[in-house]
Amino acid sequence: MALLEINHLQKSFGSLNVLKDINLQVEEGQVIAVIGPSGSGKSTMLRCATTLEQADAGDIYYDGEPLIHMVNGEAVRADKQQLKKIRSFFGLVFQDYNLFPHFTVMRNITEAPVHVAGVSKEKAEERALQLLATMGLSGKENYYPSQLSGGQQQRVAIARALAMDPKILFFDEPTSALDPELTQEVLKVIRGLAEQHMTMVIVTHEMSFARDVADEIIFMDGGVIVEQGPAKQLIEDPQTERLQSFLHRML
């Protein structure tokens, strides 16, 4: 059974049909990179999968648990109890960090484990220190976000997502707000997670990173998946004219 299964996902904003028929399966330990031009529906797909947007139609399953599924042509959505369980399956890292500015690094990381998951403060802080060491941020636990660089803030955001022990981690263009040097700091952390077989779906504009780190890439345009395949093959030997044109501009 796939850890994440999306079938025939559709989403519109008024008359704008953003997602037309999205199908995707993510297996445990797999890294999927999602590429495509601005406005292709990449972030909307992530937002529907992480409950930030409500899909209009289609199926989304986490480890067999339905977030939304179709019954006799009608969309049936998870109830409150199901939703809580499903939200524990995933973590989400935004492109603009979304840290609480008035919380220290430590509190940013421990807030959800303590107040949502019911972890003791002592255990949550112990786990936070371990994660900060993994992120190369030992000694930063009492800093506030404003005292950190963009790359450091994004690594704190990754630590915060990992603190809830998700089965799958989503990244929405995690380096788009960073300069090249800070970008490499964050990409190094994500590479490390891939080496540890963390299941990830990464919306990114870093083509070489996607080729080297992802198992599979999906290329979206106009609300559909135009091409999908093994990462290296898709980047080095694109089959559609649309992907060829996109890669020519990006590379």
# chains A, B, ... in the order shown; residues from 1 in each chain; ligands from 1
>>> residues_around(residues="range 178-183 of chain A", least_positions_apart="3", cutoff="9 Å", atoms="only C-alpha atoms", output="number ranges by chain")
A: 149-152, 174-175, 186-188
>>> write_last_selection(atoms="C-alpha atoms", output="short mmCIF file (atom, residue, chain, number, x, y, z; two decimals), in the first residue's frame")
data_model
loop_
_atom_site.label_atom_id
_atom_site.label_comp_id
_atom_site.auth_asym_id
_atom_site.auth_seq_id
_atom_site.Cartn_x
_atom_site.Cartn_y
_atom_site.Cartn_z
CA SER A 149 19.91 33.83 8.74
CA GLY A 150 17.28 32.67 6.24
CA GLY A 151 19.05 29.35 5.81
CA GLN A 152 19.16 28.81 9.57
CA PRO A 174 12.09 25.39 0.45
CA THR A 175 14.94 27.43 -1.06
CA VAL A 186 19.20 23.72 3.20
CA LEU A 187 19.69 21.35 0.27
CA LYS A 188 22.46 19.59 2.20
#
>>> residues_around(residues="Ser43 in chain A", least_positions_apart="3", cutoff="7 Å", atoms="only C-alpha atoms", output="VMD selection string")
chain A and resid 46 to 47 172
>>> select_by_dssp(residues="range 29-184 of chain A", states="strand (DSSP E or B)", output="ChimeraX atom specification")
/A:31-35,57-62,65-71,74-77,90-93,168-172
>>> residues_around(residues="Pro166 in chain A", least_positions_apart="6", cutoff="12 Å", atoms="only C-alpha atoms", output="list in words")
Leu3, Glu28, Tyr62, Lys85, Ile86, Arg87, Ser88, Phe89, Phe90, Gly91, Leu92, Val93, Pro113, Ala117, Ile158, Ala159, Arg160, Met198, Thr199 and Met200 of chain A
>>> closest_residue(among="A:Val34, A:Met45, A:Val213, A:Ala57", to="Gln10 in chain A", atoms="only C-alpha atoms")
A:Ala57
>>> closest_residue(among="A:Gly58, A:Leu169, A:Glu227, A:Val114", to="Asn72 in chain A", atoms="only C-alpha atoms")
A:Gly58
>>> residues_around(residues="Phe209 in chain A", least_positions_apart="2", cutoff="10 Å", atoms="only C-alpha atoms", output="mmCIF file with C-alpha atoms, in the first residue's frame")
data_model
loop_
_atom_site.group_PDB
_atom_site.id
_atom_site.type_symbol
_atom_site.label_atom_id
_atom_site.label_comp_id
_atom_site.auth_asym_id
_atom_site.auth_seq_id
_atom_site.Cartn_x
_atom_site.Cartn_y
_atom_site.Cartn_z
ATOM 1 C CA ALA A 33 10.387 16.025 -6.816
ATOM 2 C CA GLN A 184 23.142 24.941 -0.357
ATOM 3 C CA LEU A 187 19.688 21.352 0.268
ATOM 4 C CA LYS A 188 22.462 19.590 2.197
ATOM 5 C CA ILE A 190 17.389 17.535 2.591
ATOM 6 C CA ARG A 191 20.026 15.333 0.931
ATOM 7 C CA THR A 204 11.461 22.706 -6.244
ATOM 8 C CA HIS A 205 13.014 24.838 -8.960
ATOM 9 C CA GLU A 206 16.477 23.339 -8.332
ATOM 10 C CA MET A 207 16.769 21.008 -11.338
ATOM 11 C CA ARG A 211 17.909 14.984 -10.603
ATOM 12 C CA ASP A 212 20.465 13.924 -7.987
ATOM 13 C CA VAL A 213 18.269 13.466 -4.897
ATOM 14 C CA ALA A 214 14.802 12.401 -6.070
ATOM 15 C CA ALA A 231 14.660 11.518 -11.919
#
>>> decode(residues="range 118-132 of chain A", atoms="all heavy atoms", output="PDB file, in the first residue's frame")
ATOM      1  N   GLY A 118       1.139  15.725  22.928  1.00  0.00           N
ATOM      2  CA  GLY A 118       1.142  15.314  24.327  1.00  0.00           C
ATOM      3  C   GLY A 118       2.465  14.757  24.821  1.00  0.00           C
ATOM      4  O   GLY A 118       2.522  14.042  25.831  1.00  0.00           O
ATOM      5  N   VAL A 119       3.555  15.099  24.134  1.00  0.00           N
ATOM      6  CA  VAL A 119       4.884  14.667  24.559  1.00  0.00           C
ATOM      7  C   VAL A 119       5.306  15.513  25.767  1.00  0.00           C
ATOM      8  O   VAL A 119       4.976  16.710  25.839  1.00  0.00           O
ATOM      9  CB  VAL A 119       5.902  14.837  23.407  1.00  0.00           C
ATOM     10  CG1 VAL A 119       7.314  14.481  23.856  1.00  0.00           C
ATOM     11  CG2 VAL A 119       5.483  13.988  22.210  1.00  0.00           C
ATOM     12  N   SER A 120       6.026  14.920  26.704  1.00  0.00           N
ATOM     13  CA  SER A 120       6.487  15.695  27.857  1.00  0.00           C
ATOM     14  C   SER A 120       7.475  16.762  27.399  1.00  0.00           C
ATOM     15  O   SER A 120       8.190  16.580  26.405  1.00  0.00           O
ATOM     16  CB  SER A 120       7.160  14.787  28.886  1.00  0.00           C
ATOM     17  OG  SER A 120       8.421  14.340  28.423  1.00  0.00           O
ATOM     18  N   LYS A 121       7.514  17.871  28.125  1.00  0.00           N
ATOM     19  CA  LYS A 121       8.410  18.964  27.765  1.00  0.00           C
ATOM     20  C   LYS A 121       9.866  18.499  27.752  1.00  0.00           C
ATOM     21  O   LYS A 121      10.638  18.859  26.853  1.00  0.00           O
ATOM     22  CB  LYS A 121       8.233  20.131  28.742  1.00  0.00           C
ATOM     23  CG  LYS A 121       9.054  21.364  28.370  1.00  0.00           C
ATOM     24  CD  LYS A 121       8.816  22.505  29.352  1.00  0.00           C
ATOM     25  CE  LYS A 121       9.673  23.714  28.969  1.00  0.00           C
ATOM     26  NZ  LYS A 121       9.517  24.823  29.933  1.00  0.00           N
ATOM     27  N   GLU A 122      10.235  17.666  28.709  1.00  0.00           N
ATOM     28  CA  GLU A 122      11.605  17.173  28.803  1.00  0.00           C
ATOM     29  C   GLU A 122      11.994  16.360  27.563  1.00  0.00           C
ATOM     30  O   GLU A 122      13.056  16.573  26.977  1.00  0.00           O
ATOM     31  CB  GLU A 122      11.766  16.313  30.058  1.00  0.00           C
ATOM     32  CG  GLU A 122      13.186  15.804  30.286  1.00  0.00           C
ATOM     33  CD  GLU A 122      13.296  14.942  31.536  1.00  0.00           C
ATOM     34  OE1 GLU A 122      12.253  14.412  31.995  1.00  0.00           O
ATOM     35  OE2 GLU A 122      14.409  14.801  32.045  1.00  0.00           O
ATOM     36  N   LYS A 123      11.097  15.440  27.170  1.00  0.00           N
ATOM     37  CA  LYS A 123      11.383  14.613  25.990  1.00  0.00           C
ATOM     38  C   LYS A 123      11.380  15.443  24.718  1.00  0.00           C
ATOM     39  O   LYS A 123      12.192  15.216  23.807  1.00  0.00           O
ATOM     40  CB  LYS A 123      10.364  13.472  25.885  1.00  0.00           C
ATOM     41  CG  LYS A 123      10.610  12.343  26.871  1.00  0.00           C
ATOM     42  CD  LYS A 123       9.750  11.141  26.547  1.00  0.00           C
ATOM     43  CE  LYS A 123      10.122   9.972  27.465  1.00  0.00           C
ATOM     44  NZ  LYS A 123       9.322   8.759  27.174  1.00  0.00           N
ATOM     45  N   ALA A 124      10.470  16.400  24.625  1.00  0.00           N
ATOM     46  CA  ALA A 124      10.392  17.253  23.442  1.00  0.00           C
ATOM     47  C   ALA A 124      11.668  18.082  23.294  1.00  0.00           C
ATOM     48  O   ALA A 124      12.189  18.251  22.183  1.00  0.00           O
ATOM     49  CB  ALA A 124       9.170  18.163  23.522  1.00  0.00           C
ATOM     50  N   GLU A 125      12.172  18.593  24.402  1.00  0.00           N
ATOM     51  CA  GLU A 125      13.398  19.394  24.355  1.00  0.00           C
ATOM     52  C   GLU A 125      14.615  18.532  24.034  1.00  0.00           C
ATOM     53  O   GLU A 125      15.512  18.964  23.309  1.00  0.00           O
ATOM     54  CB  GLU A 125      13.576  20.142  25.670  1.00  0.00           C
ATOM     55  CG  GLU A 125      12.553  21.267  25.858  1.00  0.00           C
ATOM     56  CD  GLU A 125      12.796  22.104  27.095  1.00  0.00           C
ATOM     57  OE1 GLU A 125      13.641  21.706  27.942  1.00  0.00           O
ATOM     58  OE2 GLU A 125      12.134  23.161  27.216  1.00  0.00           O
ATOM     59  N   GLU A 126      14.629  17.318  24.544  1.00  0.00           N
ATOM     60  CA  GLU A 126      15.729  16.397  24.225  1.00  0.00           C
ATOM     61  C   GLU A 126      15.753  16.088  22.732  1.00  0.00           C
ATOM     62  O   GLU A 126      16.810  16.101  22.094  1.00  0.00           O
ATOM     63  CB  GLU A 126      15.554  15.100  25.033  1.00  0.00           C
ATOM     64  CG  GLU A 126      16.667  14.087  24.838  1.00  0.00           C
ATOM     65  CD  GLU A 126      16.424  12.817  25.629  1.00  0.00           C
ATOM     66  OE1 GLU A 126      15.597  12.828  26.565  1.00  0.00           O
ATOM     67  OE2 GLU A 126      17.068  11.792  25.301  1.00  0.00           O
ATOM     68  N   ARG A 127      14.578  15.831  22.176  1.00  0.00           N
ATOM     69  CA  ARG A 127      14.457  15.562  20.736  1.00  0.00           C
ATOM     70  C   ARG A 127      14.837  16.808  19.929  1.00  0.00           C
ATOM     71  O   ARG A 127      15.522  16.708  18.895  1.00  0.00           O
ATOM     72  CB  ARG A 127      13.016  15.147  20.422  1.00  0.00           C
ATOM     73  CG  ARG A 127      12.667  15.006  18.950  1.00  0.00           C
ATOM     74  CD  ARG A 127      13.326  13.825  18.314  1.00  0.00           C
ATOM     75  NE  ARG A 127      12.779  13.563  16.989  1.00  0.00           N
ATOM     76  CZ  ARG A 127      13.488  13.145  15.965  1.00  0.00           C
ATOM     77  NH1 ARG A 127      14.780  12.902  16.105  1.00  0.00           N
ATOM     78  NH2 ARG A 127      12.922  12.924  14.800  1.00  0.00           N
ATOM     79  N   ALA A 128      14.435  17.981  20.382  1.00  0.00           N
ATOM     80  CA  ALA A 128      14.760  19.225  19.687  1.00  0.00           C
ATOM     81  C   ALA A 128      16.264  19.432  19.611  1.00  0.00           C
ATOM     82  O   ALA A 128      16.799  19.838  18.567  1.00  0.00           O
ATOM     83  CB  ALA A 128      14.090  20.403  20.380  1.00  0.00           C
ATOM     84  N   LEU A 129      16.963  19.163  20.702  1.00  0.00           N
ATOM     85  CA  LEU A 129      18.424  19.328  20.711  1.00  0.00           C
ATOM     86  C   LEU A 129      19.086  18.355  19.743  1.00  0.00           C
ATOM     87  O   LEU A 129      20.055  18.711  19.051  1.00  0.00           O
ATOM     88  CB  LEU A 129      18.966  19.129  22.128  1.00  0.00           C
ATOM     89  CG  LEU A 129      18.615  20.225  23.139  1.00  0.00           C
ATOM     90  CD1 LEU A 129      19.073  19.827  24.541  1.00  0.00           C
ATOM     91  CD2 LEU A 129      19.231  21.571  22.739  1.00  0.00           C
ATOM     92  N   GLN A 130      18.550  17.142  19.661  1.00  0.00           N
ATOM     93  CA  GLN A 130      19.079  16.168  18.700  1.00  0.00           C
ATOM     94  C   GLN A 130      18.883  16.660  17.271  1.00  0.00           C
ATOM     95  O   GLN A 130      19.794  16.580  16.430  1.00  0.00           O
ATOM     96  CB  GLN A 130      18.381  14.814  18.884  1.00  0.00           C
ATOM     97  CG  GLN A 130      18.705  14.098  20.175  1.00  0.00           C
ATOM     98  CD  GLN A 130      17.817  12.881  20.395  1.00  0.00           C
ATOM     99  OE1 GLN A 130      16.823  12.674  19.692  1.00  0.00           O
ATOM    100  NE2 GLN A 130      18.177  12.069  21.386  1.00  0.00           N
ATOM    101  N   LEU A 131      17.682  17.181  16.993  1.00  0.00           N
ATOM    102  CA  LEU A 131      17.382  17.674  15.647  1.00  0.00           C
ATOM    103  C   LEU A 131      18.232  18.884  15.298  1.00  0.00           C
ATOM    104  O   LEU A 131      18.727  19.007  14.167  1.00  0.00           O
ATOM    105  CB  LEU A 131      15.891  18.015  15.539  1.00  0.00           C
ATOM    106  CG  LEU A 131      14.942  16.813  15.495  1.00  0.00           C
ATOM    107  CD1 LEU A 131      13.493  17.262  15.702  1.00  0.00           C
ATOM    108  CD2 LEU A 131      15.082  16.071  14.175  1.00  0.00           C
ATOM    109  N   LEU A 132      18.426  19.793  16.253  1.00  0.00           N
ATOM    110  CA  LEU A 132      19.259  20.972  15.996  1.00  0.00           C
ATOM    111  C   LEU A 132      20.691  20.561  15.697  1.00  0.00           C
ATOM    112  O   LEU A 132      21.352  21.160  14.822  1.00  0.00           O
ATOM    113  CB  LEU A 132      19.199  21.924  17.188  1.00  0.00           C
ATOM    114  CG  LEU A 132      17.894  22.695  17.347  1.00  0.00           C
ATOM    115  CD1 LEU A 132      17.868  23.456  18.665  1.00  0.00           C
ATOM    116  CD2 LEU A 132      17.689  23.667  16.182  1.00  0.00           C
TER     117      LEU A 132
END
